[in-house]
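Source file: entry05.txt; contents: compact mmCIF, C-alpha atoms (C1' of nucleotides).
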```txt
# COMPACT_ATOMS: atom_id res chain seq x y z
CA MET Y 1 -2.08 17.25 41.46
CA SER Y 2 -2.91 17.51 37.83
CA LYS Y 3 -0.08 15.16 37.16
CA HIS Y 4 -0.74 12.21 35.05
CA GLY Y 5 -2.90 9.19 35.29
CA ASP Y 6 -5.92 11.00 34.05
CA GLY Y 7 -5.99 11.95 30.39
CA GLN Y 8 -3.15 14.35 31.01
CA ILE Y 9 -0.17 14.29 28.72
CA GLY Y 10 3.18 16.00 28.95
CA VAL Y 11 4.37 19.12 27.18
CA VAL Y 12 6.63 17.12 24.93
CA ALA Y 13 3.95 14.74 23.75
CA GLY Y 14 1.55 17.64 23.44
CA LEU Y 15 3.91 19.53 21.20
CA VAL Y 16 4.74 16.53 19.07
CA ARG Y 17 1.20 15.40 18.61
CA SER Y 18 -0.20 18.81 17.93
CA ALA Y 19 2.55 19.21 15.35
CA PHE Y 20 1.43 15.96 13.84
CA LEU Y 21 -2.07 17.36 13.71
CA VAL Y 22 -0.96 20.54 12.03
CA ASN Y 23 1.04 18.59 9.50
CA ALA Y 24 -1.97 16.52 8.65
CA VAL Y 25 -4.10 19.61 8.16
CA TYR Y 26 -1.46 21.15 5.97
CA ALA Y 27 -1.20 18.01 3.88
CA GLU Y 28 -4.93 17.66 3.45
CA SER Y 29 -5.40 21.29 2.63
CA SER Y 30 -2.61 21.28 0.08
CA ARG Y 31 -3.97 18.21 -1.56
CA GLU Y 32 -7.31 19.86 -2.10
CA TYR Y 33 -5.66 22.73 -3.84
CA GLY Y 34 -3.70 20.47 -6.10
CA ILE Y 35 -0.33 21.31 -4.63
CA THR Y 36 2.06 19.62 -2.24
CA SER Y 37 2.46 20.88 1.28
CA GLN Y 38 5.98 22.06 0.47
CA GLN Y 39 4.70 24.14 -2.37
CA GLY Y 40 1.92 25.39 -0.14
CA GLN Y 41 4.45 26.43 2.41
CA LEU Y 42 6.49 28.19 -0.24
CA LEU Y 43 3.45 30.10 -1.39
CA CYS Y 44 2.65 31.16 2.16
CA VAL Y 45 6.14 32.46 2.67
CA LEU Y 46 6.04 34.40 -0.58
CA MET Y 47 2.73 36.02 0.31
CA ALA Y 48 4.62 38.44 2.48
CA GLN Y 49 7.13 39.46 -0.16
CA PRO Y 50 9.51 38.05 -2.78
CA TYR Y 51 12.66 36.36 -1.54
CA GLY Y 52 15.95 35.21 -2.97
CA MET Y 53 16.79 31.54 -3.21
CA GLY Y 54 19.24 31.74 -0.35
CA GLU Y 55 16.75 33.45 1.90
CA LEU Y 56 14.16 30.83 1.11
CA GLY Y 57 16.57 28.10 2.02
CA ALA Y 58 17.26 29.75 5.34
CA MET Y 59 13.59 30.25 6.14
CA LEU Y 60 12.44 26.82 5.13
CA GLY Y 61 15.50 25.05 6.46
CA LEU Y 62 16.46 23.58 3.11
CA ALA Y 63 19.71 23.12 1.23
CA LYS Y 64 20.17 25.36 -1.77
CA SER Y 65 19.73 22.59 -4.27
CA SER Y 66 16.48 21.62 -2.60
CA VAL Y 67 15.19 25.14 -2.99
CA THR Y 68 16.12 25.15 -6.64
CA GLY Y 69 14.09 22.01 -7.17
CA LEU Y 70 11.11 23.22 -5.19
CA VAL Y 71 11.01 26.54 -7.01
CA ASP Y 72 11.46 24.71 -10.31
CA ARG Y 73 8.43 22.56 -9.75
CA THR Y 74 6.33 25.39 -8.40
CA GLU Y 75 7.34 27.56 -11.30
CA ARG Y 76 6.40 24.79 -13.71
CA ASN Y 77 2.95 24.91 -12.13
CA GLY Y 78 2.78 28.60 -12.92
CA LEU Y 79 2.56 29.70 -9.30
CA VAL Y 80 5.85 31.51 -8.85
CA ARG Y 81 8.28 33.29 -11.09
CA ARG Y 82 11.99 33.97 -10.99
CA GLU Y 83 12.71 37.63 -11.44
CA PRO Y 84 16.18 39.08 -11.89
CA ASP Y 85 17.57 40.96 -8.94
CA LEU Y 86 18.38 44.47 -10.08
CA GLN Y 87 21.13 44.98 -7.54
CA ASP Y 88 22.83 41.63 -8.09
CA THR Y 89 23.05 39.91 -11.44
CA ARG Y 90 23.74 36.55 -9.87
CA ALA Y 91 20.74 36.66 -7.60
CA VAL Y 92 17.11 35.94 -8.27
CA ARG Y 93 13.91 37.09 -6.66
CA VAL Y 94 11.20 34.51 -6.39
CA ALA Y 95 7.75 36.06 -6.52
CA LEU Y 96 4.19 34.86 -6.82
CA THR Y 97 2.54 35.03 -10.21
CA PRO Y 98 -1.00 36.46 -10.26
CA GLN Y 99 -2.28 32.91 -10.38
CA GLY Y 100 -0.01 31.88 -7.56
CA SER Y 101 -1.07 34.85 -5.53
CA LYS Y 102 -4.71 33.97 -5.92
CA LEU Y 103 -4.12 30.36 -5.01
CA ALA Y 104 -1.96 31.35 -2.08
CA GLU Y 105 -4.67 33.59 -0.66
CA GLU Y 106 -7.26 30.87 -0.90
CA PHE Y 107 -4.99 28.16 0.37
CA TYR Y 108 -3.81 30.29 3.24
CA ALA Y 109 -7.31 31.32 4.28
CA ASP Y 110 -8.61 27.80 4.04
CA THR Y 111 -5.73 26.34 5.96
CA CYS Y 112 -6.18 28.96 8.66
CA ARG Y 113 -9.81 28.10 8.92
CA ARG Y 114 -8.98 24.45 9.41
CA ILE Y 115 -6.25 25.06 11.92
CA GLU Y 116 -8.52 27.35 13.83
CA LYS Y 117 -10.91 24.47 14.23
CA LEU Y 118 -8.37 22.38 16.05
CA PRO Y 119 -8.70 24.23 19.36
CA ALA Y 120 -12.47 24.39 18.98
CA GLY Y 121 -12.93 22.81 22.37
CA LEU Y 122 -11.11 25.66 24.06
CA SER Y 123 -12.69 28.82 25.37
CA ALA Y 124 -11.67 32.18 24.01
CA ASP Y 125 -9.56 32.84 27.06
CA GLU Y 126 -7.86 29.51 26.79
CA ARG Y 127 -7.09 30.10 23.15
CA ASP Y 128 -5.55 33.41 24.06
CA THR Y 129 -3.45 31.76 26.71
CA LEU Y 130 -2.36 29.10 24.27
CA ALA Y 131 -1.51 31.68 21.65
CA SER Y 132 0.53 33.60 24.15
CA LEU Y 133 2.49 30.56 25.31
CA LEU Y 134 3.13 29.28 21.81
CA GLY Y 135 4.05 32.78 20.77
CA ARG Y 136 6.75 32.90 23.38
CA ILE Y 137 8.12 29.54 22.33
CA VAL Y 138 8.18 30.66 18.75
CA MET Y 139 9.88 33.93 19.64
CA ASP Y 140 12.41 32.30 21.94
CA ASN Y 141 13.37 29.84 19.26
CA LYS Y 142 13.44 32.34 16.45
CA VAL Y 143 11.17 30.48 14.09
CA PRO Y 144 11.25 32.08 10.66
CA ALA Y 145 7.99 33.61 9.46
CA VAL Y 146 6.88 30.49 7.69
CA PHE Y 147 3.32 31.46 8.29
CA MET Y 148 1.96 34.94 8.04
CA GLU Y 149 0.02 36.56 10.78
CA LEU Y 150 -3.67 37.10 10.36
CA ASP Y 151 -4.43 40.79 10.53
CA LYS Y 152 -7.56 40.11 12.44
CA GLY Y 153 -7.26 38.99 16.04
CA THR Y 154 -7.52 35.48 17.27
CA SER Y 155 -10.46 35.09 19.51
CA SER Y 156 -10.29 38.14 21.60
CA ALA Y 157 -9.65 41.29 19.59
CA ARG Y 158 -12.47 40.22 17.38
CA ARG Y 159 -13.13 43.68 16.11
CA GLN Y 160 -10.85 46.11 14.40
CA MET V 1 -5.16 44.43 26.24
CA SER V 2 -2.60 41.87 25.31
CA LYS V 3 -3.98 41.98 21.84
CA HIS V 4 -1.65 42.31 19.02
CA GLY V 5 0.77 44.91 17.93
CA ASP V 6 3.30 43.83 20.44
CA GLY V 7 5.06 40.56 19.73
CA GLN V 8 1.79 38.75 20.13
CA ILE V 9 0.78 36.21 17.52
CA GLY V 10 -2.44 34.33 16.96
CA VAL V 11 -3.31 30.78 17.88
CA VAL V 12 -3.15 29.66 14.29
CA ALA V 13 0.28 31.07 13.61
CA GLY V 14 1.41 29.78 16.98
CA LEU V 15 0.33 26.28 16.18
CA VAL V 16 1.79 26.32 12.69
CA ARG V 17 5.11 27.75 13.71
CA SER V 18 5.55 25.55 16.72
CA ALA V 19 4.76 22.61 14.47
CA PHE V 20 7.47 23.83 12.15
CA LEU V 21 9.80 23.93 15.11
CA VAL V 22 8.97 20.41 16.17
CA ASN V 23 9.44 19.16 12.64
CA ALA V 24 12.85 20.73 12.51
CA VAL V 25 13.83 19.11 15.77
CA TYR V 26 12.60 15.77 14.57
CA ALA V 27 14.50 16.10 11.34
CA GLU V 28 17.71 17.12 13.02
CA SER V 29 17.47 14.44 15.62
CA SER V 30 16.76 11.74 13.07
CA ARG V 31 19.64 12.83 10.97
CA GLU V 32 22.03 12.44 13.84
CA TYR V 33 20.90 8.91 14.35
CA GLY V 34 21.33 8.05 10.71
CA ILE V 35 17.66 7.61 9.99
CA THR V 36 14.97 9.66 8.32
CA SER V 37 12.28 11.35 10.37
CA GLN V 38 9.68 8.98 8.96
CA GLN V 39 11.69 6.01 10.12
CA GLY V 40 12.18 7.69 13.46
CA GLN V 41 8.48 8.17 13.78
CA LEU V 42 7.90 4.54 12.91
CA LEU V 43 10.32 3.45 15.60
CA CYS V 44 8.61 5.64 18.16
CA VAL V 45 5.25 4.15 17.35
CA LEU V 46 6.60 0.63 17.59
CA MET V 47 8.18 1.30 20.97
CA ALA V 48 4.76 0.83 22.52
CA GLN V 49 4.05 -2.49 20.84
CA PRO V 50 4.11 -4.26 17.48
CA TYR V 51 1.48 -3.28 14.96
CA GLY V 52 0.08 -4.62 11.72
CA MET V 53 0.66 -2.80 8.47
CA GLY V 54 -2.89 -1.59 8.33
CA GLU V 55 -2.76 -0.22 11.83
CA LEU V 56 0.45 1.59 11.06
CA GLY V 57 -1.12 3.17 8.03
CA ALA V 58 -4.01 4.39 10.13
CA MET V 59 -1.79 5.78 12.87
CA LEU V 60 0.67 7.49 10.59
CA GLY V 61 -1.91 8.63 8.10
CA LEU V 62 -0.30 6.79 5.20
CA ALA V 63 -1.62 4.71 2.31
CA LYS V 64 -0.93 1.01 2.58
CA SER V 65 1.63 0.99 -0.16
CA SER V 66 3.47 3.81 1.57
CA VAL V 67 3.67 1.76 4.74
CA THR V 68 5.02 -1.21 2.83
CA GLY V 69 7.79 0.94 1.47
CA LEU V 70 8.61 2.55 4.77
CA VAL V 71 8.75 -0.76 6.58
CA ASP V 72 10.82 -2.19 3.72
CA ARG V 73 13.46 0.46 4.07
CA THR V 74 13.47 0.36 7.82
CA GLU V 75 13.71 -3.41 7.76
CA ARG V 76 16.60 -3.17 5.33
CA ASN V 77 18.33 -1.07 7.95
CA GLY V 78 17.83 -3.84 10.46
CA LEU V 79 15.62 -1.81 12.77
CA VAL V 80 12.31 -3.60 12.42
CA ARG V 81 11.19 -7.06 11.52
CA ARG V 82 8.05 -8.53 9.99
CA GLU V 83 6.69 -11.32 12.10
CA PRO V 84 3.85 -13.57 11.05
CA ASP V 85 0.54 -12.97 12.76
CA LEU V 86 -0.47 -16.18 14.48
CA GLN V 87 -4.18 -15.43 14.24
CA ASP V 88 -4.17 -14.35 10.62
CA THR V 89 -1.89 -15.84 8.00
CA ARG V 90 -2.29 -12.85 5.71
CA ALA V 91 -1.35 -10.34 8.33
CA VAL V 92 2.01 -9.28 9.59
CA ARG V 93 3.23 -7.84 12.84
CA VAL V 94 5.90 -5.23 12.57
CA ALA V 95 8.18 -5.25 15.60
CA LEU V 96 11.42 -3.65 16.61
CA THR V 97 14.57 -5.72 16.36
CA PRO V 98 16.91 -5.56 19.36
CA GLN V 99 19.02 -3.09 17.44
CA GLY V 100 15.95 -1.10 16.48
CA SER V 101 14.75 -1.11 20.03
CA LYS V 102 18.04 0.24 21.27
CA LEU V 103 18.13 2.93 18.65
CA ALA V 104 14.50 3.81 19.28
CA GLU V 105 15.13 4.31 22.99
CA GLU V 106 18.05 6.58 22.34
CA PHE V 107 16.39 8.46 19.55
CA TYR V 108 13.23 8.90 21.56
CA ALA V 109 15.02 10.08 24.67
CA ASP V 110 17.21 12.46 22.72
CA THR V 111 14.32 13.89 20.78
CA CYS V 112 12.35 14.38 23.98
CA ARG V 113 15.26 16.19 25.49
CA ARG V 114 15.43 18.55 22.55
CA ILE V 115 11.73 19.17 22.40
CA GLU V 116 11.71 19.84 26.08
CA LYS V 117 14.17 22.62 25.49
CA LEU V 118 11.82 24.46 23.21
CA PRO V 119 9.65 25.84 26.01
CA ALA V 120 12.71 26.60 28.12
CA GLY V 121 11.59 30.17 28.52
CA LEU V 122 8.40 29.12 30.24
CA SER V 123 7.93 28.60 33.94
CA ALA V 124 6.92 25.22 35.29
CA ASP V 125 3.37 26.42 35.74
CA GLU V 126 3.22 27.76 32.25
CA ARG V 127 4.51 24.52 30.86
CA ASP V 128 1.83 22.67 32.74
CA THR V 129 -0.80 24.99 31.36
CA LEU V 130 0.53 24.52 27.87
CA ALA V 131 0.60 20.77 28.28
CA SER V 132 -2.95 20.81 29.47
CA LEU V 133 -4.21 22.94 26.60
CA LEU V 134 -2.35 20.98 23.97
CA GLY V 135 -3.52 17.80 25.61
CA ARG V 136 -7.10 18.81 25.15
CA ILE V 137 -6.55 19.71 21.52
CA VAL V 138 -4.90 16.39 20.94
CA MET V 139 -7.68 14.52 22.69
CA ASP V 140 -10.46 16.43 20.96
CA ASN V 141 -8.95 15.72 17.60
CA LYS V 142 -8.16 12.12 18.31
CA VAL V 143 -4.53 12.19 17.36
CA PRO V 144 -3.10 8.69 17.21
CA ALA V 145 -0.38 7.86 19.70
CA VAL V 146 2.40 8.80 17.38
CA PHE V 147 4.52 9.70 20.31
CA MET V 148 4.71 7.81 23.55
CA GLU V 149 4.13 9.37 26.87
CA LEU V 150 7.02 9.88 29.20
CA ASP V 151 6.44 7.97 32.39
CA LYS V 152 7.93 10.75 34.40
CA GLY V 153 5.95 13.92 34.87
CA THR V 154 6.12 16.98 32.75
CA SER V 155 7.73 19.91 34.38
CA SER V 156 6.09 19.86 37.69
CA ALA V 157 6.83 16.55 39.30
CA ARG V 158 10.34 16.93 37.99
CA ARG V 159 11.74 15.65 41.21
CA GLN V 160 11.34 12.04 42.09
C1' DG Z 1 42.67 47.42 -14.03
C1' DC Z 2 43.34 42.70 -12.48
C1' DC Z 3 43.16 38.84 -9.56
C1' DC Z 4 40.98 36.06 -6.07
C1' DG Z 5 38.11 34.47 -2.53
C1' DA Z 6 33.25 34.72 -1.27
C1' DT Z 7 28.57 34.50 -2.68
C1' DA Z 8 24.13 33.14 -5.50
C1' DG Z 9 22.25 29.60 -8.08
C1' DT Z 10 22.09 25.52 -10.98
C1' DT Z 11 23.10 20.76 -12.39
C1' DC Z 12 23.53 16.00 -11.52
C1' DG Z 13 23.12 11.62 -9.34
C1' DT Z 14 21.15 9.14 -5.47
C1' DG Z 15 17.97 7.72 -2.14
C1' DT Z 16 13.59 8.46 0.40
C1' DC Z 17 8.84 9.14 0.42
C1' DA Z 18 3.97 8.95 -0.91
C1' DC Z 19 0.44 7.58 -3.85
C1' DG Z 20 -3.02 4.87 -6.84
C1' DA Z 21 -4.03 0.88 -9.43
C1' DA Z 22 -3.51 -3.75 -9.96
C1' DT Z 23 -2.62 -8.09 -7.89
C1' DC Z 24 -2.27 -11.98 -4.64
C1' DA Z 25 -3.66 -14.67 -0.71
C1' DC Z 26 -6.24 -15.72 2.96
C1' DG Z 27 -10.52 -15.28 6.20
C1' DG Z 28 -15.04 -15.79 7.04
C1' DC Z 29 -19.81 -16.00 5.69
C1' DT Z 30 -23.67 -17.97 3.45
C1' DA K 1 -18.16 -24.56 -2.55
C1' DG K 2 -18.42 -19.97 -3.89
C1' DC K 3 -17.69 -15.02 -2.83
C1' DC K 4 -16.60 -10.88 -1.01
C1' DG K 5 -13.94 -8.25 2.18
C1' DT K 6 -9.51 -7.65 4.14
C1' DG K 7 -4.18 -7.58 4.71
C1' DA K 8 -0.48 -6.88 2.28
C1' DT K 9 2.81 -6.45 -1.85
C1' DT K 10 4.21 -4.89 -6.47
C1' DC K 11 4.84 -1.51 -9.92
C1' DG K 12 5.23 2.88 -12.02
C1' DT K 13 5.33 7.83 -11.26
C1' DG K 14 6.35 12.13 -9.33
C1' DA K 15 7.84 15.01 -5.45
C1' DC K 16 11.38 15.89 -2.27
C1' DA K 17 15.93 16.45 -0.09
C1' DC K 18 20.73 16.22 -0.12
C1' DG K 19 25.86 16.75 -1.25
C1' DA K 20 29.29 17.56 -4.58
C1' DA K 21 30.71 19.79 -8.47
C1' DC K 22 30.15 23.64 -11.38
C1' DT K 23 29.16 28.51 -13.41
C1' DA K 24 28.85 33.23 -12.99
C1' DT K 25 28.99 37.33 -10.68
C1' DC K 26 30.39 40.43 -6.76
C1' DG K 27 33.58 42.87 -4.18
C1' DG K 28 37.89 43.92 -1.98
C1' DG K 29 42.87 44.36 -2.16
C1' DC K 30 46.92 45.42 -4.62
```

This structure in structure tokens:
Amino acid sequence: MSKHGDGQIGVVAGLVRSAFLVNAVYAESSREYGITSQQGQLLCVLMAQPYGMGELGAMLGLAKSSVTGLVDRTERNGLVRREPDLQDTRAVRVALTPQGSKLAEEFYADTCRRIEKLPAGLSADERDTLASLLGRIVMDNKVPAVFMELDKGTSSARRQ
Amino acid sequence: MSKHGDGQIGVVAGLVRSAFLVNAVYAESSREYGITSQQGQLLCVLMAQPYGMGELGAMLGLAKSSVTGLVDRTERNGLVRREPDLQDTRAVRVALTPQGSKLAEEFYADTCRRIEKLPAGLSADERDTLASLLGRIVMDNKVPAVFMELDKGTSSARRQ
DNA sequence: GCCCGATAGTTCGTGTCACGAATCACGGCT
DNA sequence: AGCCGTGATTCGTGACACGAACTATCGGGC
């Protein structure tokens, strides 16, 4: 029952294809805001708080030199800023500029809106179930906080 | 109940972070097979059947010139081949070479194995539920078949 | 106080990737 | 035959990612 044959696909394909979908949304959204998806991702990470280069590399899964380049380009666009770390002269804190902060808010909100549309065909209960299952996968696999949590609930928990 | 506050995250964050996870798996898997994730994705698409350049662009969401480049590099690696389209002299069919086919099988199987490990903390029933929900999202949003379907079942139907 | 290994970041060179604009060549219609 | 749409390539540009080599500081041991 509920095997295959009908339109049913497996977990693996489901995960891969939904990831593909999310990537596409991210790319499209970034493009509209005049940034690349990598820079968009960087901005989203920095919305929570400033981070050092090493931390960023760990969170984004990038080599140090890649982070340097990414921050370079984003800094050139005026969206982030390197601030000296007061505790450690070697280290650097990467933080959003006011402009970057503004753009990040808008980009983040817009991207959320688009992603939220993906499961439009699901009922509120189903979305909750999905959120719960994905949440466990994410927790189990210790995904870094590459994407902030909305303060407001998903579909249930609509108020407060 | 089961709102937030505990480790619960929203659908949006769940989708984004699980996508991040899948991307990481794809990247790591590709790397081990000496290819890039884009080339790996191309191979996976071509496992089903040969495609024209235009079709590939549509499936992968790439501009035509991007496809030309990707196929160029992959061809240079001996994994795919451009064959003339018998119906249309202008057109080209991109197909796997024997070597590419072999690598694609291995890469695909290995990647599947890794992705399947992601929801290891979920019961068989939960995996089925997840597959079903993701399947509907994928269907509703008309995701191209960027990833083949396993002939064998998902988590239920594991035996036989 | 000095030395030395570990740590934080940058620089540099290379290759991949994606794109738009321009171009070429053929298909198919009128 | 003449034209326009389509399939694909070329070219130039910029972003991205990486490893290796390098600089500068930190921190612990002596």

What lies within 10 Å of Tyr108 (chain V) using only C-alpha atoms (C1' of nucleotides), ignoring chain neighbours under 3 positions off, as a list in words? Tyr26, Ser29, Ser30, Gly40, Gln41, Leu43, Cys44, Met47, Lys102, Leu103, Ala104, Glu105, Thr111, Cys112, Arg113, Arg114, Phe147, Met148 and Leu150 of chain V

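One distance worth recording is that between C1' of DA17 (chain K) and CA of Glu32 (chain V), which is 15.7 Å.
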
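For chain V, the residues having at least one atom no farther than 6 Å from chain Y, when counting all atoms listed in the file, are V:Ile9, V:Gly10, V:Val11, V:Val12, V:Gly14, V:Ala19, V:Glu116, V:Pro119, V:Ala131, V:Leu134, V:Gly135, V:Ile137, V:Thr154.
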
Write to file, as an mmCIF file, in the frame of the given file, the residues of the selection just made, with C-alpha atoms.
```cif
data_model
loop_
_atom_site.group_PDB
_atom_site.id
_atom_site.type_symbol
_atom_site.label_atom_id
_atom_site.label_comp_id
_atom_site.auth_asym_id
_atom_site.auth_seq_id
_atom_site.Cartn_x
_atom_site.Cartn_y
_atom_site.Cartn_z
ATOM 1 C CA ILE V 9 0.780 36.210 17.520
ATOM 2 C CA GLY V 10 -2.440 34.330 16.960
ATOM 3 C CA VAL V 11 -3.310 30.780 17.880
ATOM 4 C CA VAL V 12 -3.150 29.660 14.290
ATOM 5 C CA GLY V 14 1.410 29.780 16.980
ATOM 6 C CA ALA V 19 4.760 22.610 14.470
ATOM 7 C CA GLU V 116 11.710 19.840 26.080
ATOM 8 C CA PRO V 119 9.650 25.840 26.010
ATOM 9 C CA ALA V 131 0.600 20.770 28.280
ATOM 10 C CA LEU V 134 -2.350 20.980 23.970
ATOM 11 C CA GLY V 135 -3.520 17.800 25.610
ATOM 12 C CA ILE V 137 -6.550 19.710 21.520
ATOM 13 C CA THR V 154 6.120 16.980 32.750
#
```

Distance cut-off 7 Å, counting all atoms listed in the file - which residues of chain Y neighbour chain K? Return them as a PyMOL selection string. chain Y and resi 66+89-90

Interface list for chain V, partner chain Z, 12 Å threshold, all atoms listed in the file, as a PyMOL selection string: chain V and resi 35-39+57+61-74+87-91

Cα-based RMSD, chain V fitted onto chain Y, all atoms paired in sequence order: value? 0.5 Å

Rounded to one decimal, what separation in Å do you get between CA of Tyr33 (chain V) and CA of Gly54 (chain V)?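 Between CA of Tyr33 (chain V) and CA of Gly54 (chain V) the gap is 26.7 Å.
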
Point out the residue among V:Ala27, V:Ala95, V:Val80, V:Leu86 with the least atom-to-atom distance to Tyr51 (chain V), counting only C-alpha atoms.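 Of all the options, V:Ala95 lies closest to Tyr51 (chain V).
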
For CA of Leu46 (chain Y) and CA of Val25 (chain V), quote the distance in Å rounded to one decimal.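 Result for CA of Leu46 (chain Y) versus CA of Val25 (chain V): 23.7 Å, one decimal.
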